[in-house]
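The structure file input_29.csv is reproduced below (CSV, N, CA and C atoms).
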```csv
chain,number,residue,atom,x,y,z
S,97,GLN,N,0.6,-4.5,-7.0
S,97,GLN,CA,1.9,-3.9,-6.9
S,97,GLN,C,1.9,-2.4,-7.4
S,98,ILE,N,1.0,-2.1,-8.3
S,98,ILE,CA,1.1,-0.8,-9.0
S,98,ILE,C,0.3,0.3,-8.3
S,99,LEU,N,-0.9,0.0,-7.8
S,99,LEU,CA,-1.8,1.1,-7.4
S,99,LEU,C,-1.4,1.8,-6.2
S,100,HIS,N,-0.7,1.2,-5.3
S,100,HIS,CA,-0.2,2.1,-4.1
S,100,HIS,C,0.9,3.0,-4.7
S,101,ARG,N,1.6,2.6,-5.6
S,101,ARG,CA,2.7,3.4,-6.2
S,101,ARG,C,2.0,4.5,-7.1
S,102,PHE,N,0.9,4.2,-7.7
S,102,PHE,CA,0.2,5.2,-8.5
S,102,PHE,C,-0.3,6.3,-7.5
S,103,ALA,N,-0.8,6.0,-6.3
S,103,ALA,CA,-1.2,7.0,-5.4
S,103,ALA,C,-0.1,7.9,-4.9
S,104,ILE,N,1.1,7.3,-4.8
S,104,ILE,CA,2.3,8.1,-4.4
S,104,ILE,C,2.8,9.0,-5.5
S,105,PHE,N,2.9,8.4,-6.7
S,105,PHE,CA,3.6,9.1,-7.8
S,105,PHE,C,2.7,10.0,-8.7
S,106,HIS,N,1.4,9.9,-8.4
S,106,HIS,CA,0.4,10.7,-9.2
S,106,HIS,C,-0.5,11.4,-8.2
S,107,PRO,N,0.0,12.3,-7.4
S,107,PRO,CA,-0.8,13.0,-6.4
S,107,PRO,C,-1.9,13.8,-7.0
S,108,HIS,N,-1.8,14.2,-8.3
S,108,HIS,CA,-2.8,15.0,-8.9
S,108,HIS,C,-3.8,14.2,-9.7
S,109,SER,N,-3.8,12.9,-9.5
S,109,SER,CA,-4.8,12.0,-10.2
S,109,SER,C,-6.2,12.4,-10.0
S,110,LYS,N,-7.0,12.2,-11.0
S,110,LYS,CA,-8.4,12.5,-10.9
S,110,LYS,C,-9.2,11.3,-10.4
S,111,ALA,N,-8.5,10.2,-10.1
S,111,ALA,CA,-9.2,9.0,-9.6
S,111,ALA,C,-9.8,9.3,-8.3
S,112,ASN,N,-11.1,9.0,-8.1
S,112,ASN,CA,-11.8,9.3,-6.9
S,112,ASN,C,-11.7,8.2,-5.9
S,113,ARG,N,-11.3,7.0,-6.3
S,113,ARG,CA,-11.0,5.8,-5.4
S,113,ARG,C,-9.9,5.0,-6.0
S,114,ILE,N,-9.0,4.6,-5.2
S,114,ILE,CA,-7.9,3.7,-5.6
S,114,ILE,C,-7.9,2.5,-4.6
S,115,ILE,N,-7.9,1.3,-5.2
S,115,ILE,CA,-7.8,0.1,-4.3
S,115,ILE,C,-6.5,-0.6,-4.7
S,116,ALA,N,-5.7,-0.8,-3.7
S,116,ALA,CA,-4.4,-1.6,-3.9
S,116,ALA,C,-4.6,-2.9,-3.1
S,117,ALA,N,-4.3,-4.0,-3.6
S,117,ALA,CA,-4.5,-5.3,-2.9
S,117,ALA,C,-3.3,-6.2,-2.9
S,118,ASN,N,-3.0,-6.8,-1.8
S,118,ASN,CA,-2.1,-7.9,-1.6
S,118,ASN,C,-0.7,-7.7,-2.3
S,119,ALA,N,-0.1,-6.6,-2.2
S,119,ALA,CA,1.2,-6.4,-2.9
S,119,ALA,C,2.2,-7.3,-2.2
S,120,GLY,N,3.2,-7.7,-2.9
S,120,GLY,CA,4.3,-8.5,-2.4
S,120,GLY,C,5.3,-7.7,-1.5
S,121,PHE,N,5.5,-6.4,-1.9
S,121,PHE,CA,6.3,-5.4,-1.1
S,121,PHE,C,5.8,-4.1,-1.6
S,122,TYR,N,6.2,-3.0,-0.8
S,122,TYR,CA,5.7,-1.7,-1.0
S,122,TYR,C,6.8,-0.7,-1.3
S,123,THR,N,6.5,0.3,-2.1
S,123,THR,CA,7.4,1.5,-2.2
S,123,THR,C,6.8,2.4,-1.1
S,124,LEU,N,7.6,2.7,-0.1
S,124,LEU,CA,7.2,3.5,1.0
S,124,LEU,C,7.3,5.0,0.6
S,125,PRO,N,6.4,5.8,1.2
S,125,PRO,CA,6.5,7.3,1.0
S,125,PRO,C,7.6,7.8,1.8
S,126,ASN,N,8.8,7.4,1.5
S,126,ASN,CA,10.0,7.7,2.3
S,126,ASN,C,11.0,8.4,1.5
S,127,LEU,N,11.3,9.7,1.8
S,127,LEU,CA,12.2,10.5,1.0
S,127,LEU,C,13.7,10.2,1.3
S,128,ASP,N,13.9,9.3,2.2
S,128,ASP,CA,15.3,8.9,2.6
S,128,ASP,C,15.8,7.5,2.1
S,129,THR,N,14.9,6.8,1.4
S,129,THR,CA,15.2,5.5,0.8
S,129,THR,C,14.9,5.5,-0.7
S,130,THR,N,15.9,4.9,-1.4
S,130,THR,CA,15.8,4.9,-2.9
S,130,THR,C,14.8,3.9,-3.4
S,131,LEU,N,14.4,4.0,-4.6
S,131,LEU,CA,13.5,3.0,-5.3
S,131,LEU,C,14.2,1.6,-5.3
S,132,PRO,N,13.5,0.6,-5.2
S,132,PRO,CA,12.0,0.5,-5.2
S,132,PRO,C,11.4,0.5,-3.9
S,133,PHE,N,12.1,0.7,-2.8
S,133,PHE,CA,11.6,0.7,-1.4
S,133,PHE,C,11.2,2.1,-0.9
S,134,GLY,N,11.6,3.1,-1.6
S,134,GLY,CA,11.3,4.5,-1.1
S,134,GLY,C,11.3,5.4,-2.4
S,135,VAL,N,11.2,6.7,-2.1
S,135,VAL,CA,11.1,7.7,-3.3
S,135,VAL,C,12.2,8.7,-3.3
S,136,LYS,N,13.3,8.4,-2.6
S,136,LYS,CA,14.5,9.3,-2.7
S,136,LYS,C,15.0,9.3,-4.1
S,137,ASN,N,15.5,10.4,-4.6
S,137,ASN,CA,16.0,10.6,-5.9
S,137,ASN,C,15.0,10.5,-7.0
S,138,THR,N,13.7,10.7,-6.7
S,138,THR,CA,12.7,10.8,-7.7
S,138,THR,C,12.2,12.2,-7.6
S,139,SER,N,11.2,12.5,-8.4
S,139,SER,CA,10.6,13.9,-8.4
S,139,SER,C,9.7,14.2,-7.2
S,140,ILE,N,9.4,13.1,-6.4
S,140,ILE,CA,8.4,13.3,-5.3
S,140,ILE,C,9.0,14.2,-4.2
S,141,THR,N,8.1,15.2,-3.8
S,141,THR,CA,8.5,16.1,-2.8
S,141,THR,C,7.6,15.9,-1.6
S,142,THR,N,7.9,16.6,-0.5
S,142,THR,CA,7.0,16.6,0.7
S,142,THR,C,5.6,17.1,0.3
S,143,ALA,N,5.5,18.1,-0.5
S,143,ALA,CA,4.2,18.7,-0.9
S,143,ALA,C,3.5,17.6,-1.8
S,144,ASP,N,4.2,16.8,-2.6
S,144,ASP,CA,3.5,15.8,-3.3
S,144,ASP,C,2.9,14.7,-2.4
S,145,LEU,N,3.7,14.3,-1.4
S,145,LEU,CA,3.2,13.4,-0.4
S,145,LEU,C,2.0,13.9,0.3
S,146,GLN,N,2.0,15.2,0.7
S,146,GLN,CA,0.9,15.8,1.4
S,146,GLN,C,-0.4,15.6,0.6
S,147,LEU,N,-0.2,15.9,-0.7
S,147,LEU,CA,-1.4,15.8,-1.6
S,147,LEU,C,-1.8,14.3,-1.8
S,148,SER,N,-0.8,13.4,-2.0
S,148,SER,CA,-1.1,12.0,-2.2
S,148,SER,C,-1.9,11.4,-1.0
S,149,PHE,N,-1.5,11.8,0.2
S,149,PHE,CA,-2.2,11.3,1.4
S,149,PHE,C,-3.7,11.8,1.5
S,150,THR,N,-4.1,12.8,0.7
S,150,THR,CA,-5.5,13.2,0.7
S,150,THR,C,-6.3,12.4,-0.3
S,151,ASN,N,-5.7,11.6,-1.2
S,151,ASN,CA,-6.4,10.8,-2.1
S,151,ASN,C,-7.1,9.6,-1.4
S,152,ASN,N,-8.1,9.1,-2.0
S,152,ASN,CA,-8.9,8.0,-1.4
S,152,ASN,C,-8.3,6.7,-1.8
S,153,LEU,N,-7.3,6.2,-1.1
S,153,LEU,CA,-6.6,4.9,-1.3
S,153,LEU,C,-7.1,3.9,-0.2
S,154,THR,N,-7.6,2.8,-0.7
S,154,THR,CA,-7.9,1.7,0.2
S,154,THR,C,-6.9,0.6,0.0
S,155,LEU,N,-6.2,0.2,1.0
S,155,LEU,CA,-5.3,-0.9,1.0
S,155,LEU,C,-6.1,-2.2,1.4
S,156,LEU,N,-6.3,-3.1,0.5
S,156,LEU,CA,-7.1,-4.2,0.7
S,156,LEU,C,-6.2,-5.4,0.9
S,157,LEU,N,-6.3,-6.1,2.0
S,157,LEU,CA,-5.5,-7.2,2.4
S,157,LEU,C,-6.2,-8.4,2.7
S,158,GLY,N,-5.8,-9.6,2.3
S,158,GLY,CA,-6.4,-10.8,2.6
S,158,GLY,C,-5.9,-11.3,4.0
S,159,LYS,N,-6.8,-11.5,4.9
S,159,LYS,CA,-6.4,-11.9,6.3
S,159,LYS,C,-5.6,-13.2,6.3
S,160,LEU,N,-5.8,-14.1,5.3
S,160,LEU,CA,-5.1,-15.4,5.2
S,160,LEU,C,-3.9,-15.3,4.3
S,161,ASP,N,-3.5,-14.1,3.8
S,161,ASP,CA,-2.3,-13.9,3.0
S,161,ASP,C,-1.2,-13.6,4.0
S,162,ASN,N,-0.9,-14.6,4.8
S,162,ASN,CA,0.0,-14.6,5.9
S,162,ASN,C,1.1,-15.6,5.8
S,163,GLU,N,1.7,-15.9,6.9
S,163,GLU,CA,2.9,-16.8,6.9
S,163,GLU,C,2.5,-18.2,6.3
S,164,ALA,N,1.3,-18.6,6.4
S,164,ALA,CA,0.9,-19.9,5.9
S,164,ALA,C,0.6,-20.0,4.4
S,165,GLU,N,0.4,-18.8,3.8
S,165,GLU,CA,0.0,-18.7,2.4
S,165,GLU,C,1.1,-19.2,1.5
S,166,GLN,N,0.7,-20.1,0.5
S,166,GLN,CA,1.6,-20.7,-0.4
S,166,GLN,C,1.5,-20.1,-1.8
S,167,GLY,N,0.4,-19.3,-2.1
S,167,GLY,CA,0.1,-18.8,-3.4
S,167,GLY,C,1.0,-17.7,-3.8
S,168,GLY,N,1.3,-17.6,-5.1
S,168,GLY,CA,2.1,-16.5,-5.6
S,168,GLY,C,3.6,-16.6,-5.2
S,169,THR,N,4.4,-15.6,-5.7
S,169,THR,CA,5.8,-15.6,-5.4
S,169,THR,C,6.0,-14.3,-4.6
S,170,LEU,N,6.6,-14.5,-3.4
S,170,LEU,CA,6.8,-13.4,-2.5
S,170,LEU,C,8.3,-13.1,-2.5
S,171,LEU,N,8.6,-11.8,-2.8
S,171,LEU,CA,10.0,-11.4,-2.8
S,171,LEU,C,10.6,-11.5,-1.4
S,172,ARG,N,11.7,-12.2,-1.3
S,172,ARG,CA,12.5,-12.3,-0.1
S,172,ARG,C,13.8,-11.6,-0.3
S,173,SER,N,14.0,-10.5,0.5
S,173,SER,CA,15.3,-9.8,0.6
S,173,SER,C,15.4,-9.1,1.9
S,174,VAL,N,16.6,-8.6,2.2
S,174,VAL,CA,16.7,-7.9,3.5
S,174,VAL,C,15.8,-6.7,3.5
S,175,SER,N,15.7,-5.9,2.4
S,175,SER,CA,14.9,-4.7,2.3
S,175,SER,C,13.4,-5.1,2.4
S,176,ALA,N,13.0,-6.1,1.6
S,176,ALA,CA,11.6,-6.5,1.6
S,176,ALA,C,11.1,-7.0,2.9
S,177,ASP,N,12.0,-7.9,3.5
S,177,ASP,CA,11.7,-8.5,4.8
S,177,ASP,C,11.6,-7.5,6.0
S,178,LYS,N,12.2,-6.3,5.8
S,178,LYS,CA,12.0,-5.3,6.9
S,178,LYS,C,10.5,-4.9,6.9
S,179,GLN,N,9.8,-5.1,5.9
S,179,GLN,CA,8.4,-4.7,5.8
S,179,GLN,C,7.5,-5.8,6.5
S,180,GLY,N,8.0,-7.0,6.6
S,180,GLY,CA,7.3,-8.1,7.2
S,180,GLY,C,7.6,-9.4,6.4
S,181,MET,N,7.2,-10.5,7.0
S,181,MET,CA,7.6,-11.8,6.4
S,181,MET,C,6.5,-12.3,5.5
S,182,HIS,N,5.4,-11.6,5.4
S,182,HIS,CA,4.3,-12.1,4.5
S,182,HIS,C,3.5,-10.8,4.1
S,183,ARG,N,2.6,-11.0,3.1
S,183,ARG,CA,1.9,-9.9,2.5
S,183,ARG,C,1.0,-9.1,3.5
S,184,LEU,N,0.3,-9.8,4.4
S,184,LEU,CA,-0.5,-9.2,5.3
S,184,LEU,C,0.3,-8.3,6.2
S,185,ALA,N,1.4,-8.8,6.7
S,185,ALA,CA,2.3,-8.0,7.6
S,185,ALA,C,2.9,-6.8,6.8
S,186,ARG,N,3.3,-7.0,5.6
S,186,ARG,CA,3.8,-5.9,4.8
S,186,ARG,C,2.8,-4.8,4.5
S,187,GLY,N,1.6,-5.2,4.2
S,187,GLY,CA,0.5,-4.2,4.0
S,187,GLY,C,0.2,-3.4,5.3
S,188,ARG,N,0.2,-4.1,6.4
S,188,ARG,CA,0.0,-3.3,7.7
S,188,ARG,C,1.2,-2.4,7.9
S,189,PHE,N,2.4,-2.9,7.6
S,189,PHE,CA,3.6,-2.0,7.8
S,189,PHE,C,3.5,-0.8,6.9
S,190,PHE,N,3.1,-1.0,5.7
S,190,PHE,CA,3.0,0.1,4.7
S,190,PHE,C,2.0,1.1,5.2
S,191,HIS,N,0.8,0.7,5.7
S,191,HIS,CA,-0.2,1.6,6.2
S,191,HIS,C,0.3,2.3,7.4
S,192,ASN,N,0.9,1.7,8.3
S,192,ASN,CA,1.3,2.3,9.6
S,192,ASN,C,2.5,3.3,9.3
S,193,PHE,N,3.4,2.9,8.4
S,193,PHE,CA,4.5,3.8,8.0
S,193,PHE,C,4.0,5.0,7.3
S,194,SER,N,3.1,4.8,6.4
S,194,SER,CA,2.5,6.0,5.6
S,194,SER,C,1.8,6.9,6.6
S,195,LYS,N,1.0,6.4,7.5
S,195,LYS,CA,0.3,7.2,8.4
S,195,LYS,C,1.2,8.0,9.3
S,196,SER,N,2.3,7.4,9.7
S,196,SER,CA,3.3,8.2,10.5
S,196,SER,C,4.0,9.3,9.7
S,197,VAL,N,4.2,9.0,8.4
S,197,VAL,CA,4.8,10.1,7.6
S,197,VAL,C,3.8,11.2,7.4
S,198,ALA,N,2.5,10.9,7.2
S,198,ALA,CA,1.5,11.9,7.1
S,198,ALA,C,1.4,12.8,8.3
S,199,GLU,N,1.5,12.1,9.5
S,199,GLU,CA,1.5,12.9,10.8
S,199,GLU,C,2.7,13.8,10.9
S,200,LYS,N,3.9,13.3,10.5
S,200,LYS,CA,5.1,14.0,10.6
S,200,LYS,C,5.1,15.3,9.7
S,201,ILE,N,4.5,15.1,8.5
S,201,ILE,CA,4.5,16.3,7.6
S,201,ILE,C,3.2,17.1,7.7
S,202,GLU,N,2.4,16.7,8.7
S,202,GLU,CA,1.1,17.4,8.9
S,202,GLU,C,0.2,17.4,7.7
S,203,ALA,N,0.0,16.2,7.2
S,203,ALA,CA,-0.9,16.0,6.0
S,203,ALA,C,-2.2,15.4,6.5
S,204,ASN,N,-3.3,15.7,5.8
S,204,ASN,CA,-4.5,15.0,6.0
S,204,ASN,C,-4.3,13.6,5.5
S,205,TYR,N,-4.7,12.6,6.2
S,205,TYR,CA,-4.5,11.2,5.8
S,205,TYR,C,-5.8,10.5,5.5
S,206,ASN,N,-6.0,10.2,4.2
S,206,ASN,CA,-7.2,9.7,3.8
S,206,ASN,C,-7.1,8.2,3.3
S,207,TRP,N,-5.9,7.6,3.6
S,207,TRP,CA,-5.7,6.2,3.2
S,207,TRP,C,-6.3,5.3,4.3
S,208,THR,N,-6.9,4.2,3.8
S,208,THR,CA,-7.5,3.3,4.8
S,208,THR,C,-7.0,1.9,4.5
S,209,ILE,N,-7.2,1.0,5.5
S,209,ILE,CA,-6.9,-0.4,5.3
S,209,ILE,C,-8.1,-1.2,5.6
S,210,LYS,N,-8.3,-2.2,4.8
S,210,LYS,CA,-9.4,-3.1,5.0
S,210,LYS,C,-8.9,-4.5,4.9
S,211,ILE,N,-9.1,-5.3,5.9
S,211,ILE,CA,-8.7,-6.7,5.9
S,211,ILE,C,-9.9,-7.6,5.5
S,212,VAL,N,-9.7,-8.4,4.5
S,212,VAL,CA,-10.8,-9.3,4.0
S,212,VAL,C,-10.6,-10.6,4.7
S,213,PRO,N,-11.7,-11.0,5.5
S,213,PRO,CA,-11.6,-12.3,6.2
S,213,PRO,C,-11.7,-13.5,5.2
S,214,ASN,N,-11.0,-14.6,5.6
S,214,ASN,CA,-11.1,-15.9,4.9
S,214,ASN,C,-10.6,-15.8,3.5
S,215,VAL,N,-9.7,-14.9,3.2
S,215,VAL,CA,-9.1,-14.8,1.8
S,215,VAL,C,-7.6,-14.7,2.0
S,216,GLY,N,-6.9,-15.4,1.2
S,216,GLY,CA,-5.4,-15.4,1.1
S,216,GLY,C,-5.0,-14.7,-0.1
S,217,HIS,N,-4.0,-15.2,-0.8
S,217,HIS,CA,-3.5,-14.6,-2.0
S,217,HIS,C,-4.3,-15.1,-3.2
S,218,ASP,N,-5.5,-14.6,-3.3
S,218,ASP,CA,-6.5,-15.1,-4.2
S,218,ASP,C,-7.1,-13.9,-5.0
S,219,GLN,N,-6.7,-13.7,-6.3
S,219,GLN,CA,-7.1,-12.6,-7.0
S,219,GLN,C,-8.6,-12.6,-7.3
S,220,GLU,N,-9.2,-13.7,-7.4
S,220,GLU,CA,-10.7,-13.8,-7.7
S,220,GLU,C,-11.5,-13.3,-6.5
S,221,ASN,N,-11.2,-13.8,-5.3
S,221,ASN,CA,-11.9,-13.3,-4.1
S,221,ASN,C,-11.5,-11.9,-3.7
S,222,MET,N,-10.3,-11.5,-3.9
S,222,MET,CA,-9.9,-10.1,-3.6
S,222,MET,C,-10.6,-9.2,-4.6
S,223,GLY,N,-10.8,-9.6,-5.9
S,223,GLY,CA,-11.5,-8.9,-6.8
S,223,GLY,C,-12.9,-8.7,-6.4
S,224,LYS,N,-13.6,-9.7,-5.9
S,224,LYS,CA,-14.9,-9.6,-5.4
S,224,LYS,C,-15.0,-8.6,-4.3
S,225,ALA,N,-14.1,-8.7,-3.4
S,225,ALA,CA,-14.1,-7.7,-2.2
S,225,ALA,C,-13.9,-6.3,-2.7
S,226,ALA,N,-13.0,-6.1,-3.7
S,226,ALA,CA,-12.8,-4.8,-4.3
S,226,ALA,C,-14.1,-4.3,-5.0
S,227,ALA,N,-14.7,-5.2,-5.7
S,227,ALA,CA,-16.0,-4.8,-6.4
S,227,ALA,C,-17.0,-4.3,-5.4
S,228,LYS,N,-17.1,-5.0,-4.3
S,228,LYS,CA,-18.1,-4.6,-3.2
S,228,LYS,C,-17.7,-3.2,-2.7
S,229,LEU,N,-16.5,-2.9,-2.6
S,229,LEU,CA,-16.1,-1.5,-2.1
S,229,LEU,C,-16.4,-0.5,-3.2
S,230,LEU,N,-16.2,-0.9,-4.4
S,230,LEU,CA,-16.5,0.1,-5.5
S,230,LEU,C,-17.9,0.3,-5.9
S,231,TYR,N,-18.7,-0.8,-5.8
S,231,TYR,CA,-20.0,-0.8,-6.4
S,231,TYR,C,-21.2,-1.0,-5.5
S,232,ASP,N,-21.0,-1.4,-4.2
S,232,ASP,CA,-22.1,-1.5,-3.3
S,232,ASP,C,-22.6,-0.2,-2.9
```
What does this structure look like when you write it as structure tokens?
Amino acid sequence: QILHRFAIFHPHSKANRIIAANAGFYTLPNLDTTLPFGVKNTSITTADLQLSFTNNLTLLLGKLDNEAEQGGTLLRSVSADKQGMHRLARGRFFHNFSKSVAEKIEANYNWTIKIVPNVGHDQENMGKAAAKLLYD
């Protein structure tokens, strides 16, 4: 839940890699929507977003963290459900939305998405996948 927000709200971070995994919903880099679903009325500017998009953020999603997943608690609301009906859909929505914002504001987009096969909402196996990305 936190690291994709860190990438947005701390564009000057010295982190050389950020991995965000299986969030229940996302704060979008959207200057027209208020928190927690966007960044309107925060200190975030278009220039901040341009810089944020250059950071090395990997969105790590479990392929089985889908409509059949029963693990964890998934926020259900009109606003959250606009992002998708499960974590995998919401992660894909966040990535596609962010990429479209980056294109619109002519930012270099260095955020990537990686789908982990055979893993649902499982912190241990997602942690192993993150460790491979960080340390292999």
Need to verify the contact set: stretch 145-148 of chain S, 6.5 Å, all atoms listed in the file, exclusion of same-chain residues closer than 5 positions in sequence. Can you return it as number ranges by chain? S: 103-104, 106-108, 140, 203-204
Mind pulling up the distance from atom N of S:Lys224 to atom C of S:Leu153?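 Atom-to-atom, atom C of S:Leu153 to atom N of S:Lys224, that is 16.1 Å.
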Env of S:Glu163: 6.5 Å cut, atoms = all atoms listed in the file, seq-sep filter 5 positions within chain, self excluded. Answer as JSON, numbers by chain. {"S": [181, 182, 183]}
Need the shell around stretch 168-177 of chain S: protein/DNA/RNA residues with any atom at most 6.5 Å away, counting only N, CA and C atoms. Skip same-chain ones fewer than 3 positions apart. Format as an NGL selection string? :S and (120-121 or 180-181 or 217)
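Atom to atom, atom N of S:Asn137 and atom N of S:Ser194 stand 17.5 Å apart.
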Residues near S:Thr154, cut-off 6.5 Å, only N, CA and C atoms, skip fewer than 4 positions along chain, as a list of chain:residue names: S:Arg113, S:Ile114, S:Ile115, S:Ala116, S:Ala117, S:Trp207, S:Thr208, S:Ile209, S:Lys210
I want to know what sits within 9 Å of S:Asp161, based on only C-alpha atoms, with residues of the same chain fewer than 5 positions away left out; could you give that as a list in words?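 Selected residues are Asn118, Gln166, Gly167, His182, Arg183, Leu184, Ala185, Val215, Gly216, His217 and Asp218 of chain S.
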Write a file of the just-selected residues containing N, CA and C atoms, as a PDB file, keeping the file's coordinate frame.
```pdb
ATOM      1  N   ASN S 118      -3.000  -6.800  -1.800  1.00  0.00           N
ATOM      2  CA  ASN S 118      -2.100  -7.900  -1.600  1.00  0.00           C
ATOM      3  C   ASN S 118      -0.700  -7.700  -2.300  1.00  0.00           C
ATOM      4  N   GLN S 166       0.700 -20.100   0.500  1.00  0.00           N
ATOM      5  CA  GLN S 166       1.600 -20.700  -0.400  1.00  0.00           C
ATOM      6  C   GLN S 166       1.500 -20.100  -1.800  1.00  0.00           C
ATOM      7  N   GLY S 167       0.400 -19.300  -2.100  1.00  0.00           N
ATOM      8  CA  GLY S 167       0.100 -18.800  -3.400  1.00  0.00           C
ATOM      9  C   GLY S 167       1.000 -17.700  -3.800  1.00  0.00           C
ATOM     10  N   HIS S 182       5.400 -11.600   5.400  1.00  0.00           N
ATOM     11  CA  HIS S 182       4.300 -12.100   4.500  1.00  0.00           C
ATOM     12  C   HIS S 182       3.500 -10.800   4.100  1.00  0.00           C
ATOM     13  N   ARG S 183       2.600 -11.000   3.100  1.00  0.00           N
ATOM     14  CA  ARG S 183       1.900  -9.900   2.500  1.00  0.00           C
ATOM     15  C   ARG S 183       1.000  -9.100   3.500  1.00  0.00           C
ATOM     16  N   LEU S 184       0.300  -9.800   4.400  1.00  0.00           N
ATOM     17  CA  LEU S 184      -0.500  -9.200   5.300  1.00  0.00           C
ATOM     18  C   LEU S 184       0.300  -8.300   6.200  1.00  0.00           C
ATOM     19  N   ALA S 185       1.400  -8.800   6.700  1.00  0.00           N
ATOM     20  CA  ALA S 185       2.300  -8.000   7.600  1.00  0.00           C
ATOM     21  C   ALA S 185       2.900  -6.800   6.800  1.00  0.00           C
ATOM     22  N   VAL S 215      -9.700 -14.900   3.200  1.00  0.00           N
ATOM     23  CA  VAL S 215      -9.100 -14.800   1.800  1.00  0.00           C
ATOM     24  C   VAL S 215      -7.600 -14.700   2.000  1.00  0.00           C
ATOM     25  N   GLY S 216      -6.900 -15.400   1.200  1.00  0.00           N
ATOM     26  CA  GLY S 216      -5.400 -15.400   1.100  1.00  0.00           C
ATOM     27  C   GLY S 216      -5.000 -14.700  -0.100  1.00  0.00           C
ATOM     28  N   HIS S 217      -4.000 -15.200  -0.800  1.00  0.00           N
ATOM     29  CA  HIS S 217      -3.500 -14.600  -2.000  1.00  0.00           C
ATOM     30  C   HIS S 217      -4.300 -15.100  -3.200  1.00  0.00           C
ATOM     31  N   ASP S 218      -5.500 -14.600  -3.300  1.00  0.00           N
ATOM     32  CA  ASP S 218      -6.500 -15.100  -4.200  1.00  0.00           C
ATOM     33  C   ASP S 218      -7.100 -13.900  -5.000  1.00  0.00           C
TER      34      ASP S 218
END
```
Strand (DSSP E or B) per DSSP on the backbone: members of stretch 115-187 of chain S, as a ChimeraX atom specification: /S:115-117,130,136,153-158
Select, from S:Phe189, S:Tyr231, S:Tyr122, S:Phe105, the residue with the minimum atom-to-atom distance to S:Ser139, counting only C-alpha atoms.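 Under the stated criterion, the closest residue is S:Phe105.
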Report the distance between atom N of S:Leu229 and atom C of S:Lys159 in Å, rounded to one decimal place.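 Separation between atom N of S:Leu229 and atom C of S:Lys159: 17.4 Å.
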Secondary structure check, alpha helix (DSSP H) residues of stretch 100-200 of chain S, as an MDAnalysis selection string: chainID S and resid 100:105 142:148 174:177 183:200
Can you work out which one of S:Phe190, S:Asn152, S:Gly223, S:Ala198 has the shortest atom-to-atom distance to S:Leu124, counting all atoms listed in the file?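 Closest candidate: S:Phe190.
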